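Enquirer: Just so it is clear, I am handing over protein-v1.cif, which has mmCIF, C-alpha atoms.
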```cif
data_run
loop_
_atom_site.label_atom_id
_atom_site.label_comp_id
_atom_site.auth_asym_id
_atom_site.auth_seq_id
_atom_site.Cartn_x
_atom_site.Cartn_y
_atom_site.Cartn_z
CA MET A 1344 -34.79 68.15 8.91
CA THR A 1345 -33.00 71.28 7.94
CA ASP A 1346 -29.56 72.26 9.11
CA ASP A 1347 -31.02 74.72 11.61
CA GLU A 1348 -33.20 72.03 13.17
CA ASP A 1349 -30.20 69.69 13.38
CA GLU A 1350 -28.13 72.36 15.11
CA VAL A 1351 -30.92 73.08 17.60
CA LYS A 1352 -31.37 69.36 18.34
CA GLU A 1353 -27.61 68.91 18.73
CA ARG A 1354 -27.40 71.87 21.11
CA GLU A 1355 -30.30 70.53 23.20
CA THR A 1356 -28.73 67.07 23.37
CA LYS A 1357 -25.40 68.55 24.39
CA GLN A 1358 -27.08 70.59 27.10
CA GLU A 1359 -29.10 67.61 28.35
CA TYR A 1360 -26.05 65.33 28.61
CA ASN A 1361 -23.57 67.98 29.81
CA LEU A 1362 -24.01 66.93 33.45
CA LEU A 1363 -23.49 63.26 32.52
CA CYS A 1364 -20.29 64.09 30.63
CA ASP A 1365 -18.91 65.99 33.63
CA TRP A 1366 -19.95 63.20 36.01
CA ILE A 1367 -18.30 60.47 33.88
CA LYS A 1368 -15.14 62.58 33.59
CA GLN A 1369 -15.11 62.93 37.38
CA GLN A 1370 -15.50 59.15 37.80
CA LEU A 1371 -12.74 58.29 35.31
CA GLY A 1372 -10.35 61.02 36.43
CA ASP A 1373 -7.06 61.04 34.51
CA LYS A 1374 -7.95 58.02 32.38
CA VAL A 1375 -9.59 60.35 29.83
CA ALA A 1376 -8.90 63.90 28.76
CA LYS A 1377 -12.60 64.64 28.27
CA VAL A 1378 -16.00 63.08 27.74
CA GLN A 1379 -18.18 64.35 24.91
CA ILE A 1380 -21.31 63.57 22.92
CA SER A 1381 -20.65 61.59 19.75
CA LYS A 1382 -22.30 62.23 16.40
CA ARG A 1383 -20.86 59.12 14.75
CA LEU A 1384 -22.07 56.31 17.03
CA SER A 1385 -25.25 54.43 16.18
CA SER A 1386 -25.27 51.11 18.05
CA SER A 1387 -22.42 51.31 20.59
CA PRO A 1388 -22.88 53.12 23.91
CA CYS A 1389 -19.44 54.72 23.74
CA VAL A 1390 -16.08 54.73 22.01
CA LEU A 1391 -12.60 55.77 23.06
CA VAL A 1392 -10.67 57.89 20.57
CA SER A 1393 -7.24 59.44 20.56
CA GLY A 1394 -6.81 63.17 20.91
CA LYS A 1395 -5.81 65.30 17.96
CA PHE A 1396 -2.09 64.73 18.45
CA GLY A 1397 -2.32 61.46 20.41
CA TRP A 1398 -1.16 58.05 19.36
CA SER A 1399 -3.63 55.64 17.83
CA ALA A 1400 -4.23 52.32 19.58
CA ASN A 1401 -1.99 50.54 17.09
CA MET A 1402 0.85 53.05 17.50
CA GLU A 1403 0.55 52.76 21.26
CA ARG A 1404 0.78 48.96 20.99
CA LEU A 1405 3.87 49.22 18.77
CA MET A 1406 5.57 51.69 21.10
CA ARG A 1407 4.76 49.49 24.11
CA ALA A 1408 6.56 46.63 22.36
CA GLN A 1409 9.56 48.88 21.66
CA THR A 1410 9.97 50.26 25.18
CA LEU A 1411 10.91 46.83 26.55
CA GLY A 1412 9.06 47.32 29.79
CA ASP A 1413 9.92 50.99 30.34
CA THR A 1414 6.37 52.30 30.83
CA ALA A 1415 7.54 55.72 32.08
CA SER A 1416 8.50 56.86 28.59
CA LEU A 1417 5.27 55.38 27.20
CA GLU A 1418 3.07 57.35 29.61
CA PHE A 1419 5.01 60.50 28.81
CA MET A 1420 4.49 60.18 25.06
CA ARG A 1421 0.97 58.72 24.99
CA GLY A 1422 -1.81 61.06 23.91
CA ARG A 1423 -4.87 61.78 25.96
CA ARG A 1424 -7.94 59.71 25.20
CA ILE A 1425 -11.43 61.09 24.63
CA LEU A 1426 -14.52 59.11 25.59
CA GLU A 1427 -17.40 59.77 23.21
CA ILE A 1428 -20.87 58.70 24.38
CA ASN A 1429 -23.93 57.88 22.28
CA PRO A 1430 -26.90 59.90 23.62
CA ASP A 1431 -29.38 57.60 21.84
CA HIS A 1432 -28.18 54.38 23.51
CA PRO A 1433 -30.35 52.98 26.35
CA ILE A 1434 -27.36 52.46 28.67
CA VAL A 1435 -26.31 56.09 28.31
CA LYS A 1436 -29.89 57.24 28.85
CA ASP A 1437 -30.06 55.17 32.06
CA LEU A 1438 -26.71 56.55 33.21
CA ASN A 1439 -27.96 60.08 32.53
CA ALA A 1440 -30.99 59.43 34.75
CA ALA A 1441 -28.80 57.80 37.42
CA CYS A 1442 -26.27 60.65 37.55
CA LYS A 1443 -29.11 63.13 38.08
CA SER A 1444 -31.07 61.12 40.66
CA ALA A 1445 -28.30 59.21 42.52
CA PRO A 1446 -24.81 60.49 41.63
CA ASP A 1447 -23.23 58.48 44.47
CA SER A 1448 -24.68 55.15 43.30
CA THR A 1449 -22.05 52.42 43.30
CA ASP A 1450 -23.89 50.59 40.51
CA ALA A 1451 -23.70 53.65 38.27
CA LYS A 1452 -20.00 54.12 39.06
CA MET A 1453 -19.32 50.45 38.28
CA ALA A 1454 -21.26 50.81 35.01
CA VAL A 1455 -19.05 53.77 34.03
CA GLU A 1456 -15.90 51.72 34.75
CA LEU A 1457 -17.31 48.80 32.77
CA LEU A 1458 -18.20 51.06 29.84
CA TYR A 1459 -14.71 52.55 29.90
CA ASP A 1460 -13.02 49.15 29.99
CA THR A 1461 -15.24 47.88 27.18
CA ALA A 1462 -14.55 50.97 25.08
CA LEU A 1463 -10.84 50.57 25.78
CA ILE A 1464 -10.81 47.02 24.47
CA SER A 1465 -13.14 47.60 21.51
CA SER A 1466 -11.11 50.64 20.44
CA GLY A 1467 -7.94 48.55 20.39
CA PHE A 1468 -6.20 49.94 23.46
CA THR A 1469 -4.73 47.78 26.19
CA ASN A 1470 -5.93 48.02 29.74
CA ASP A 1471 -2.91 49.30 31.69
CA ILE A 1472 -4.51 49.04 35.12
CA ARG A 1473 -5.24 45.33 34.88
CA GLU A 1474 -1.61 44.62 33.97
CA ASP A 1475 -0.41 46.55 37.02
CA ASP A 1476 -2.88 44.69 39.27
CA GLU A 1477 -1.72 41.32 37.95
CA THR A 1478 1.93 42.27 38.55
CA GLU A 1479 1.13 43.35 42.10
CA ALA A 1480 -0.83 40.13 42.74
CA ALA A 1481 2.06 38.02 41.45
CA THR A 1482 4.49 39.94 43.68
CA GLU A 1483 2.22 39.45 46.71
CA ASN A 1484 1.92 35.71 46.01
CA ALA A 1485 5.70 35.41 45.70
CA SER A 1486 6.22 37.22 49.00
CA GLU A 1487 3.64 34.94 50.68
CA VAL A 1488 5.56 31.89 49.46
CA ASP A 1489 8.80 33.42 50.73
CA ALA A 1490 7.16 34.15 54.09
CA ASN A 1491 5.90 30.55 54.38
CA SER A 1492 9.33 29.10 53.66
CA ALA A 1493 10.91 31.51 56.15
CA ASP A 1494 8.60 30.16 58.90
CA GLY A 1495 10.36 26.83 58.68
CA SER A 1496 7.33 24.99 57.31
CA GLU A 1497 8.84 23.44 54.22
CA THR A 1498 6.82 21.45 51.76
CA GLN A 1499 7.41 17.76 52.16
CA VAL A 1500 8.01 15.82 48.96
CA ILE A 1501 6.73 12.26 48.96
CA GLU A 1502 8.06 9.84 46.40
CA PRO A 1503 5.55 7.55 44.66
CA SER A 1504 7.27 4.46 46.05
CA GLU A 1505 6.61 5.68 49.61
CA VAL A 1506 2.87 5.91 49.02
CA ARG A 1507 2.41 2.14 48.75
CA THR A 1508 0.27 0.68 51.44
CA GLU A 1509 0.23 -2.80 52.96
CA ASN A 1510 -3.07 -3.68 51.29
CA ASP A 1511 -1.96 -2.60 47.83
CA PRO A 1512 -3.54 -5.10 45.37
CA TRP A 1513 -0.90 -4.29 42.77
CA SER A 1514 2.04 -5.10 44.94
CA ASP A 1515 4.51 -7.86 44.06
#
```
Show this structure as structure tokens.
Expert:
Amino acid sequence: MTDDEDEVKERETKQEYNLLCDWIKQQLGDKVAKVQISKRLSSSPCVLVSGKFGWSANMERLMRAQTLGDTASLEFMRGRRILEINPDHPIVKDLNAACKSAPDSTDAKMAVELLYDTALISSGFTNDIREDDETEAATENASEVDANSADGSETQVIEPSEVRTENDPWSD
């Protein structure tokens, strides 16, 4: 192929997947700065890259370790991520068809979230949302335990010596 043919093919691909890119961006919201067609992917459905002035995954990991739990400064400094999709991958082709035929499909929306999470991990980033969910779940469990002990129903501790029965074959 000549350069002109490549440019025409690239333009057509971009036009064909433009709706999908907008739809994925809408589904992911602020998690990504933009969604675009990738020229460098061959076997993966998508990849998550840092913006031009954003931190790499490794730099983000190092800064997370330095902030000592202060995620506010990390969010402020972190660069915006760009999701690049592979137009030749079967999953992306299926998503393109799904976003055109059934844009409100919960399966398609779940597939987008799964693709994003997979791209996040494979690109070396950490999944911030899961950490927040685990913290909230731990806090809820702690408050349930506190609520149970406040009801007056305390856990009874039974010593092993009290468990012996009359028909214990091992008794003295």
Enquirer: Pull out every residue that the PyMOL selection byres ((chain A and resi 1365) around 12) matches in the shown coordinates and put them as a PyMOL selection string.
Expert: chain A and resi 1357-1364+1366-1372+1375-1380+1426+1428+1439+1442-1443+1446
Enquirer: Applying the PyMOL selection byres ((chain A and resi 1386) around 9) to the file I just gave you, which residues come out? Please list them as number ranges by chain.
Expert: A: 1384-1385, 1387-1389, 1429, 1431-1432
Enquirer: Provide the atom CA of A:Lys1436 to atom CA of A:Asp1460 distance in Å, to one decimal place.
Expert: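 Between these atoms lies a distance of 18.7 Å.
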Enquirer: Name every residue that the PyMOL selection byres ((chain A and resi 1469) around 12) selects in this structure, writing the answer as a ChimeraX atom specification with chains first and numbers rising.
Expert: /A:1391,1399-1405,1407-1408,1459-1468,1470-1475
Enquirer: Take atom CA of A:Glu1350 and atom CA of A:Leu1458 and report the distance between them in Å, one decimal.
Expert: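 Atom CA of A:Leu1458 lies at a distance of 27.7 Å from atom CA of A:Glu1350.
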Enquirer: What's the separation between atom CA of A:Ile1425 and atom CA of A:Ser1393, in Å to one decimal place?
Expert: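 Computing the Euclidean distance for atom CA of A:Ile1425 and atom CA of A:Ser1393 yields 6.1 Å.
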